[in-house]
Each structure stands twice: as structure tokens, then as C-alpha cells.
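Peer 1: This is coords_5.txt, which holds compact mmCIF, C-alpha atoms:
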```
# COMPACT_ATOMS: atom_id res chain seq x y z
CA MET A 1 0.00 0.00 0.00
CA THR A 2 1.38 3.42 -0.99
CA ARG A 3 1.22 5.70 2.02
CA LYS A 4 -0.11 9.26 1.98
CA TYR A 5 0.30 9.85 5.70
CA ASN A 6 2.88 9.15 8.40
CA ARG A 7 2.24 11.17 11.57
CA ILE A 8 -1.11 10.05 12.96
CA ALA A 9 -3.10 11.44 15.89
CA VAL A 10 -5.43 8.86 17.45
CA LEU A 11 -8.41 10.54 19.12
CA LYS A 12 -9.90 8.57 21.99
CA GLY A 13 -11.81 8.98 25.24
CA GLY A 14 -13.81 12.17 25.19
CA TRP A 15 -16.69 12.74 27.60
CA SER A 16 -19.64 10.81 26.13
CA PRO A 17 -21.19 7.83 27.96
CA GLU A 18 -19.02 5.66 25.69
CA ARG A 19 -15.73 7.08 26.96
CA GLU A 20 -14.36 3.81 28.36
CA VAL A 21 -15.03 1.89 25.16
CA SER A 22 -13.39 4.68 23.16
CA LEU A 23 -10.28 4.56 25.35
CA ASN A 24 -9.99 0.84 24.58
CA SER A 25 -10.62 1.33 20.86
CA GLY A 26 -8.06 4.13 20.68
CA ALA A 27 -5.37 2.19 22.53
CA ALA A 28 -5.90 -0.83 20.26
CA ALA A 29 -5.81 1.29 17.09
CA ALA A 30 -2.69 3.16 18.22
CA LYS A 31 -0.86 -0.09 18.95
CA ALA A 32 -1.84 -1.53 15.57
CA LEU A 33 -0.77 1.59 13.68
CA LYS A 34 2.60 1.58 15.41
CA GLU A 35 3.01 -2.05 14.37
CA ALA A 36 2.18 -0.96 10.82
CA GLY A 37 5.03 1.57 10.93
CA TYR A 38 3.23 4.87 11.53
CA ASP A 39 4.42 7.66 13.83
CA VAL A 40 1.52 7.62 16.28
CA PHE A 41 0.52 9.76 19.23
CA GLU A 42 -2.67 9.48 21.27
CA ILE A 43 -4.96 12.28 22.44
CA ASP A 44 -7.48 11.77 25.22
CA VAL A 45 -9.93 14.31 23.86
CA SER A 46 -11.03 17.30 25.90
CA ARG A 47 -12.37 20.70 24.89
CA ASP A 48 -8.89 21.98 24.05
CA LEU A 49 -8.62 19.56 21.13
CA ALA A 50 -8.15 22.25 18.46
CA ALA A 51 -5.13 23.72 20.29
CA ARG A 52 -3.58 20.28 20.81
CA LEU A 53 -3.97 19.37 17.15
CA ALA A 54 -2.58 22.72 16.01
CA GLU A 55 0.49 22.14 18.18
CA ALA A 56 0.98 18.49 17.15
CA LYS A 57 0.47 19.00 13.40
CA PRO A 58 -0.58 15.44 12.43
CA ASP A 59 -0.77 14.35 8.79
CA ALA A 60 -4.11 12.68 9.55
CA VAL A 61 -6.40 11.80 12.44
CA PHE A 62 -7.60 8.33 13.36
CA ASN A 63 -10.95 8.99 15.02
CA ALA A 64 -11.56 6.32 17.68
CA LEU A 65 -14.18 8.35 19.55
CA HIS A 66 -17.61 6.83 20.11
CA GLY A 67 -20.96 8.45 20.79
CA GLN A 68 -21.95 12.08 21.15
CA TRP A 69 -19.47 14.76 20.01
CA GLY A 70 -17.06 12.22 18.54
CA GLU A 71 -19.33 10.24 16.24
CA ASP A 72 -22.14 12.68 15.46
CA GLY A 73 -20.38 15.17 13.17
CA CYS A 74 -19.05 17.57 15.82
CA VAL A 75 -15.39 16.51 15.83
CA GLN A 76 -15.65 15.92 12.09
CA GLY A 77 -16.66 19.56 11.63
CA LEU A 78 -13.69 20.75 13.68
CA LEU A 79 -11.31 18.63 11.60
CA GLU A 80 -12.86 20.02 8.41
CA ILE A 81 -12.28 23.57 9.63
CA MET A 82 -8.67 22.73 10.52
CA GLY A 83 -8.12 20.96 7.20
CA ILE A 84 -6.91 17.71 8.78
CA PRO A 85 -7.81 14.45 6.98
CA TYR A 86 -9.65 12.01 9.24
CA THR A 87 -10.90 8.44 9.19
CA HIS A 88 -14.49 7.23 8.90
CA SER A 89 -17.49 9.22 7.73
CA GLY A 90 -17.82 12.95 7.17
CA VAL A 91 -19.95 15.53 8.93
CA LEU A 92 -23.31 14.86 7.29
CA ALA A 93 -23.15 11.05 7.26
CA SER A 94 -21.98 11.00 10.87
CA SER A 95 -24.80 13.26 12.06
CA LEU A 96 -27.46 11.40 10.07
CA ALA A 97 -26.38 7.97 11.28
CA MET A 98 -26.33 9.13 14.91
CA ASP A 99 -29.87 10.53 14.64
CA LYS A 100 -31.74 7.24 14.48
CA GLN A 101 -35.07 8.67 13.32
CA ARG A 102 -33.51 10.63 10.44
CA ALA A 103 -31.52 7.57 9.42
CA LYS A 104 -34.75 5.55 9.38
CA ALA A 105 -36.35 8.13 7.09
CA ILE A 106 -33.44 7.77 4.66
CA PHE A 107 -33.65 3.98 4.84
CA GLU A 108 -37.31 4.22 3.89
CA ASP A 109 -36.46 6.38 0.86
CA TYR A 110 -33.89 3.80 -0.26
CA GLY A 111 -36.10 0.76 0.29
CA ILE A 112 -34.12 -0.49 3.30
CA PRO A 113 -36.55 -2.06 5.80
CA SER A 114 -36.38 -0.90 9.42
CA PRO A 115 -38.76 -1.49 12.35
CA PRO A 116 -41.82 0.77 12.51
CA GLY A 117 -41.21 3.50 15.07
CA LYS A 118 -41.70 7.07 16.19
CA ILE A 119 -40.03 9.80 18.23
CA VAL A 120 -41.63 10.77 21.55
CA SER A 121 -40.46 12.76 24.54
CA ARG A 122 -38.90 10.87 27.41
CA ALA A 123 -41.67 12.17 29.67
CA GLU A 124 -44.37 10.79 27.36
CA ALA A 125 -42.61 7.42 27.10
CA ALA A 126 -42.35 7.26 30.90
CA LYS A 127 -46.07 7.89 31.53
CA GLY A 128 -47.39 4.77 29.82
CA HIS A 129 -47.21 2.60 26.75
CA VAL A 130 -46.99 4.68 23.56
CA MET A 131 -47.02 1.57 21.37
CA GLU A 132 -48.46 -1.90 21.68
CA THR A 133 -46.04 -4.22 23.48
CA PRO A 134 -43.51 -5.59 22.81
CA TYR A 135 -41.50 -2.56 21.77
CA VAL A 136 -38.03 -1.06 22.17
CA ILE A 137 -37.13 2.33 23.67
CA LYS A 138 -33.77 3.86 22.81
CA PRO A 139 -32.23 7.34 23.03
CA ASN A 140 -32.42 8.92 19.60
CA ALA A 141 -28.78 10.02 19.52
CA GLN A 142 -26.63 7.55 21.45
CA GLY A 143 -24.68 4.45 20.45
CA SER A 144 -23.48 1.14 21.93
CA SER A 145 -27.01 0.28 23.11
CA VAL A 146 -26.67 2.86 25.90
CA GLY A 147 -30.07 3.47 27.50
CA VAL A 148 -31.92 0.84 25.43
CA PHE A 149 -34.88 -1.02 26.95
CA ILE A 150 -37.13 -3.79 25.67
CA VAL A 151 -40.69 -3.46 26.97
CA ARG A 152 -42.04 -6.99 26.72
CA LYS A 153 -45.57 -8.24 26.27
CA GLY A 154 -47.49 -8.20 29.55
CA GLU A 155 -45.40 -5.49 31.23
CA ASN A 156 -47.67 -2.91 32.87
CA ARG A 157 -45.37 0.10 32.77
CA PRO A 158 -42.39 1.45 30.83
CA PRO A 159 -38.97 1.23 32.55
CA GLU A 160 -38.71 3.42 35.65
CA GLN A 161 -35.26 4.62 34.52
CA LEU A 162 -36.99 6.91 32.03
CA SER A 163 -38.28 9.00 34.95
CA SER A 164 -34.96 9.16 36.76
CA ASP A 165 -33.35 12.51 37.52
CA LYS A 166 -30.04 10.85 36.60
CA TRP A 167 -31.09 10.32 32.97
CA ASP A 168 -28.64 12.25 30.78
CA LEU A 169 -29.24 10.65 27.38
CA GLY A 170 -31.47 13.32 25.83
CA ASP A 171 -35.15 14.23 26.03
CA GLU A 172 -36.14 12.48 22.81
CA VAL A 173 -36.44 8.71 22.57
CA LEU A 174 -37.18 6.45 19.63
CA VAL A 175 -39.88 3.87 20.22
CA GLU A 176 -39.82 0.95 17.78
CA LYS A 177 -41.72 -2.27 17.30
CA PHE A 178 -39.72 -5.16 18.75
CA ILE A 179 -38.56 -7.53 16.01
CA PRO A 180 -38.11 -11.10 17.27
CA GLY A 181 -35.46 -13.40 15.87
CA ARG A 182 -31.69 -13.35 15.49
CA GLU A 183 -29.11 -10.54 15.69
CA LEU A 184 -26.93 -10.16 12.58
CA THR A 185 -24.32 -7.57 11.67
CA VAL A 186 -22.25 -6.65 8.61
CA ALA A 187 -19.18 -4.41 8.43
CA VAL A 188 -18.55 -2.41 5.27
CA MET A 189 -15.02 -1.43 4.27
CA GLY A 190 -15.14 1.21 1.56
CA ASP A 191 -17.38 -0.32 -1.08
CA ARG A 192 -17.02 -3.89 0.22
CA PRO A 193 -19.39 -5.58 2.68
CA LEU A 194 -17.23 -8.05 4.59
CA CYS A 195 -19.35 -10.90 5.95
CA VAL A 196 -22.33 -11.65 8.18
CA THR A 197 -21.87 -12.32 11.89
CA GLU A 198 -24.57 -13.66 14.18
CA ILE A 199 -24.45 -12.40 17.75
CA THR A 200 -25.86 -14.43 20.61
CA THR A 201 -25.91 -13.58 24.31
CA SER A 202 -27.14 -15.14 27.53
CA LEU A 203 -28.21 -11.68 28.72
CA ALA A 204 -31.64 -10.15 28.12
CA PHE A 205 -30.48 -8.73 24.79
CA TYR A 206 -27.35 -7.48 23.04
CA ASP A 207 -26.88 -4.47 25.35
CA TYR A 208 -23.82 -2.46 26.39
CA GLU A 209 -22.58 -5.18 28.74
CA ALA A 210 -23.08 -7.91 26.14
CA LYS A 211 -21.12 -5.85 23.60
CA TYR A 212 -18.08 -5.05 25.69
CA ALA A 213 -17.79 -7.37 28.68
CA ALA A 214 -15.61 -10.44 28.25
CA GLY A 215 -17.93 -13.38 27.59
CA GLY A 216 -20.95 -11.10 27.23
CA SER A 217 -21.71 -12.39 23.75
CA LYS A 218 -20.75 -15.05 21.26
CA HIS A 219 -19.98 -14.25 17.62
CA VAL A 220 -20.66 -16.81 14.91
CA LEU A 221 -19.03 -15.97 11.58
CA PRO A 222 -19.96 -16.55 8.99
CA ALA A 223 -23.50 -16.67 10.35
CA ASP A 224 -25.30 -19.98 9.88
CA VAL A 225 -28.18 -18.59 7.83
CA PRO A 226 -29.52 -19.41 4.35
CA ASP A 227 -27.42 -18.13 1.45
CA GLU A 228 -30.17 -15.78 0.33
CA VAL A 229 -30.25 -14.18 3.80
CA THR A 230 -26.47 -13.73 3.72
CA GLU A 231 -26.63 -12.07 0.29
CA ARG A 232 -29.49 -9.80 1.30
CA CYS A 233 -27.68 -8.76 4.51
CA LEU A 234 -24.54 -7.89 2.55
CA ASP A 235 -26.57 -5.94 0.00
CA LEU A 236 -28.59 -4.02 2.60
CA ALA A 237 -25.47 -3.13 4.59
CA LEU A 238 -23.78 -1.63 1.54
CA ARG A 239 -26.97 0.16 0.52
CA ALA A 240 -27.37 1.63 4.02
CA HIS A 241 -23.70 2.71 4.05
CA ASN A 242 -24.14 4.46 0.71
CA ALA A 243 -27.59 5.89 1.47
CA LEU A 244 -26.21 7.80 4.46
CA GLY A 245 -23.09 8.83 2.52
CA CYS A 246 -20.67 6.91 4.75
CA ARG A 247 -17.02 6.37 3.94
CA GLY A 248 -14.27 4.29 5.48
CA VAL A 249 -15.60 1.54 7.73
CA SER A 250 -19.16 1.26 9.01
CA ARG A 251 -21.20 -1.55 10.53
CA SER A 252 -24.91 -2.20 10.05
CA ASP A 253 -26.96 -4.14 12.59
CA PHE A 254 -29.97 -6.26 11.62
CA ARG A 255 -32.74 -8.35 13.13
CA TYR A 256 -33.59 -11.54 11.25
CA ASP A 257 -37.17 -12.63 11.92
CA TYR A 258 -36.80 -16.11 10.43
CA GLU A 259 -40.38 -17.11 11.28
CA ALA A 260 -42.00 -14.18 9.44
CA SER A 261 -43.90 -14.90 6.24
CA GLY A 262 -43.08 -11.53 4.66
CA GLU A 263 -40.12 -9.21 5.34
CA GLN A 264 -37.56 -11.00 7.49
CA LEU A 265 -34.60 -8.59 7.68
CA TYR A 266 -34.73 -5.20 9.36
CA CYS A 267 -31.87 -2.71 9.61
CA LEU A 268 -31.66 -1.35 13.15
CA GLU A 269 -28.89 1.21 12.64
CA VAL A 270 -25.58 2.04 11.00
CA ASN A 271 -22.53 2.58 13.21
CA THR A 272 -20.14 4.98 11.49
CA GLN A 273 -17.28 4.29 13.93
CA PRO A 274 -17.50 0.64 14.99
CA GLY A 275 -15.66 -0.46 18.08
CA LEU A 276 -12.07 -1.66 17.96
CA THR A 277 -11.91 -3.44 21.30
CA ALA A 278 -10.95 -7.04 21.95
CA THR A 279 -14.59 -8.07 21.55
CA SER A 280 -15.39 -5.90 18.51
CA LEU A 281 -17.11 -7.18 15.40
CA ALA A 282 -15.66 -5.24 12.47
CA PRO A 283 -11.99 -6.23 13.07
CA GLU A 284 -13.15 -9.81 13.60
CA GLN A 285 -14.86 -9.83 10.19
CA ALA A 286 -11.76 -8.33 8.54
CA ALA A 287 -9.57 -11.00 10.16
CA HIS A 288 -11.95 -13.70 8.91
CA LEU A 289 -11.20 -12.46 5.38
CA GLY A 290 -7.44 -12.45 5.97
CA ILE A 291 -7.01 -8.76 6.83
CA SER A 292 -4.91 -8.38 9.98
CA PHE A 293 -5.78 -5.72 12.54
CA PRO A 294 -2.72 -3.54 11.69
CA GLU A 295 -3.67 -3.81 7.99
CA PHE A 296 -7.27 -2.94 8.81
CA CYS A 297 -6.27 0.19 10.76
CA ALA A 298 -3.71 1.19 8.13
CA TRP A 299 -6.38 0.94 5.44
CA MET A 300 -8.60 3.31 7.45
CA VAL A 301 -5.74 5.79 7.80
CA GLU A 302 -4.95 5.78 4.11
CA ASP A 303 -8.66 6.19 3.34
CA ALA A 304 -8.75 9.33 5.52
CA SER A 305 -9.83 12.55 3.85
CA CYS A 306 -11.06 16.05 4.49
CA GLN A 307 -14.06 17.08 2.42
CA ARG A 308 -13.45 20.80 2.40
```
Would you mind giving the structure from this file in C-alpha cells?
Peer 2:
Amino acid sequence: MTRKYNRIAVLKGGWSPEREVSLNSGAAAAKALKEAGYDVFEIDVSRDLAARLAEAKPDAVFNALHGQWGEDGCVQGLLEIMGIPYTHSGVLASSLAMDKQRAKAIFEDYGIPSPPGKIVSRAEAAKGHVMETPYVIKPNAQGSSVGVFIVRKGENRPPEQLSSDKWDLGDEVLVEKFIPGRELTVAVMGDRPLCVTEITTSLAFYDYEAKYAAGGSKHVLPADVPDEVTERCLDLALRAHNALGCRGVSRSDFRYDYEASGEQLYCLEVNTQPGLTATSLAPEQAAHLGISFPEFCAWMVEDASCQR
């Protein structure tokens, strides 16, 4: 691979609810990039980021931030203003993917099925059922399944956490029909969907703990599903990636309702900056196809751009 960049700043940490995961992702990416021969330095992001980047003068930024401010277009906008190439998606794609309801509207325009849902205020969702059970409540602009609840059939009330004074995940929540079945995911690398992984967990569902705790989930790749389901998953993931205008690496999550007589696959969301921890899915799919983790991270760096 011909290299455009050498001195790389890895952004990690930040102050979103996903800080700890980002610290792990950033440390893993930095180690891999050093192994690949780059001059790497790490920045635990705070509000003086612009000054630190101006002083360090990197050739490019590897963005390993997750969640609000790092994954929603904010940091991307700063890097655009500073003229520093960066990995993953640009400002618009990042902000659209993070706003789950707007992403769903785009999916609908592009014929990508997603669960029926609507935006309501947290207060309204806390008062009583706003949709027939079972349904899912999730913050409209968070990642990593932070603040996600499944309200199951027969439950009398929504989760009490919605009424808590400690809630800091936004006043808008997305309420969606619960889709039964199996959890599938596909990473996209540029214009290439990698493979289909099935995720299983012994926990209530694939929540934050299941994603990041050791032993919290089991990954089966390639997923043991019919060939036509595999092909449709790969196609929908690439279509979702392109519909939102993503670049670099993304990962699309699906529910496979294998008992349904009609539509069986539903796209839940697109992650524009998938995790890079020891339990993360996108690097695992790349490795399955013979792409080592240092090669995977190096590809992301060389794909970095600034869309000024």
C-alpha cells in the first residue's frame, strides 16, 4: 500500500457515555498503527482539542471516539475547519447515522426495511405505553445500546429509569416495534461488505454489557443462515452505508425474523465508527477475510480525507 500519511493522531476517550469503550478502541488502534510503521501519538480528547492538534500537526487523524461529540459530526466539523484528513465518515453522514429517526427516514427512501417506530419525549414514554407491546425504547442520539430497553408483552409500565433525575441521554427517545429473531451484523469497508456475523448472548439482549464485557456475547461468523439471507444482509449493509453517505468503515446491525412470512430482515442502525476493542465485530470480520488488525487500521488511515 502506498502511504499518503505518516504522523497520525489517534483521538480517543472524550466525555460521552461511551468514553471507556473509546479509550480501549483508541489504545488498540494506536498499537496496531505503530506495528504498521506509523508515527503515532494518542490524544485523550477534551475541549482543548483544536489547540492540541494545532500544536501536534498530524498528517491525519484516526478517530476512535464513540458516541456524542465524537461520532455525530461535531469533531468531524472541527477537523474540516482545521483541514486535517480524518478516518471514517464525514460531517453529514456521521450526524445522520447518529440521529436514528432521520436515518430511518433515509432507509425508507432507499427501500431499506427498518422497524416501525416514532419519536416521543422521554416524559411521554415514561407515563405509559406509547405503542403496543412488545417494543423497544432507545435514546435517539446515542450508540453502543446505551439506555436501550425492551418493553415486553405483559409489562404494565415502561422502565422506571426513564423517569430518573439521573437520565442524561437526551429528552427524545425512539420507540420501535420489537422484532423477534436473530441478531446479525455486517461491516462495510469502503465499497465492500465483509461478511455476516450472528451475535448471541445469555443476557436479556445485546446491550452495552453484552457488547463489551468479556464473555458477554458469542460471535458466529460466517453466520449460519440461508445463502439468500447472507446475500441480502450484505446488499442491505452496503446500501445503508451508501444511502447515508458513509465512507471508510461502518457496521450495520440487523434483526432476522426467520419465522416471518413476509419481510424477514430489518436494519436497526448504521454505526459509522464501529468499536475496535478485543470483543469488537468489524476487526473480527476483517480477520476472517485475511485482513490483519494492523492492515485494517492502516487501510482506514490511508482512506482518511477532508471534504473541504
Peer 1: May I ask for the distance between atom CA of A:Leu276 and atom CA of A:Lys12, given in Å to one decimal place?
Peer 2: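 Result for atom CA of A:Leu276 versus atom CA of A:Lys12: 11.2 Å, one decimal.
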Peer 1: Neighbours of A:Leu289 within 9 Å (all atoms listed in the file; same-chain residues fewer than 5 positions away dropped), as a count of residues only?
Peer 2: 3
Peer 1: Just how far from atom CA of A:Lys34 is atom CA of A:Glu295, in Å to one decimal?
Peer 2: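 Between these atoms lies a distance of 11.1 Å.
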Peer 1: Using only C-alpha atoms, which residues sit within 12 Å of stretch 70-75 of chain A once same-chain residues fewer than 4 positions away are excluded, as a PyMOL selection string?
Peer 2: chain A and resi 11-19+22+44-50+53+61-66+79-82+84-100+140-144+246+250+270-275
Peer 1: Quick one: distance from atom CA of A:Ala187 to atom CA of A:Val249 in Å, one decimal?
Peer 2: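 Going from atom CA of A:Ala187 over to atom CA of A:Val249, I get 7.0 Å.
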Peer 1: Residues near A:Leu221, anyone? I mean within 7 Å using all atoms listed in the file, not counting same-chain ones fewer than 4 positions away, as a list in words.
Peer 2: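 After dropping sequence-adjacent residues, the list is Val196, Thr197 and Glu198 of chain A.
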Peer 1: Given the choices A:Leu23, A:Leu174, A:Leu265, A:Ala282, which gets closest to A:Ala103 if the distance is worked out from all atoms listed in the file?
Peer 2: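 Of A:Leu23, A:Leu174, A:Leu265, A:Ala282, the one nearest A:Ala103, counting all atoms listed in the file, is A:Leu174.
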Peer 1: Could you check which of A:Ile150, A:Met131, A:Ala126, A:Ile291 is closest to A:Leu162, using only C-alpha atoms?
Peer 2: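 Closest candidate: A:Ala126.
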Peer 1: For A:Asp168, which residue out of A:Gln76, A:Thr277, A:Gln68, A:Thr230 is the nearest one, using only C-alpha atoms?
Peer 2: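 The answer is A:Gln68, which sits nearest to A:Asp168.
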Peer 1: So, with only C-alpha atoms as the atoms that count, which of A:Lys118, A:Gln307, A:Arg192, A:Ala125 lies closest to A:Arg102?
Peer 2: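 Result for the nearest residue to A:Arg102: A:Lys118.
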Peer 1: If we count all atoms listed in the file, what is near A:Ala36 at a cut-off of 9 Å, once residues fewer than 4 positions away on the same chain are taken out, given as a ChimeraX atom specification?
Peer 2: /A:31-32,294-295,297-298
Peer 1: Can you pull out the residues contacting A:Ser163? Cut-off 12 Å, using all atoms listed in the file, and skip same-chain residues under 5 positions away; I want them as a list in words.
Peer 2: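 Selected residues are Ser121, Arg122, Ala123, Glu124, Ala125, Ala126, Lys127, Gly128, Arg157, Pro158, Asp168, Leu169 and Asp171 of chain A.
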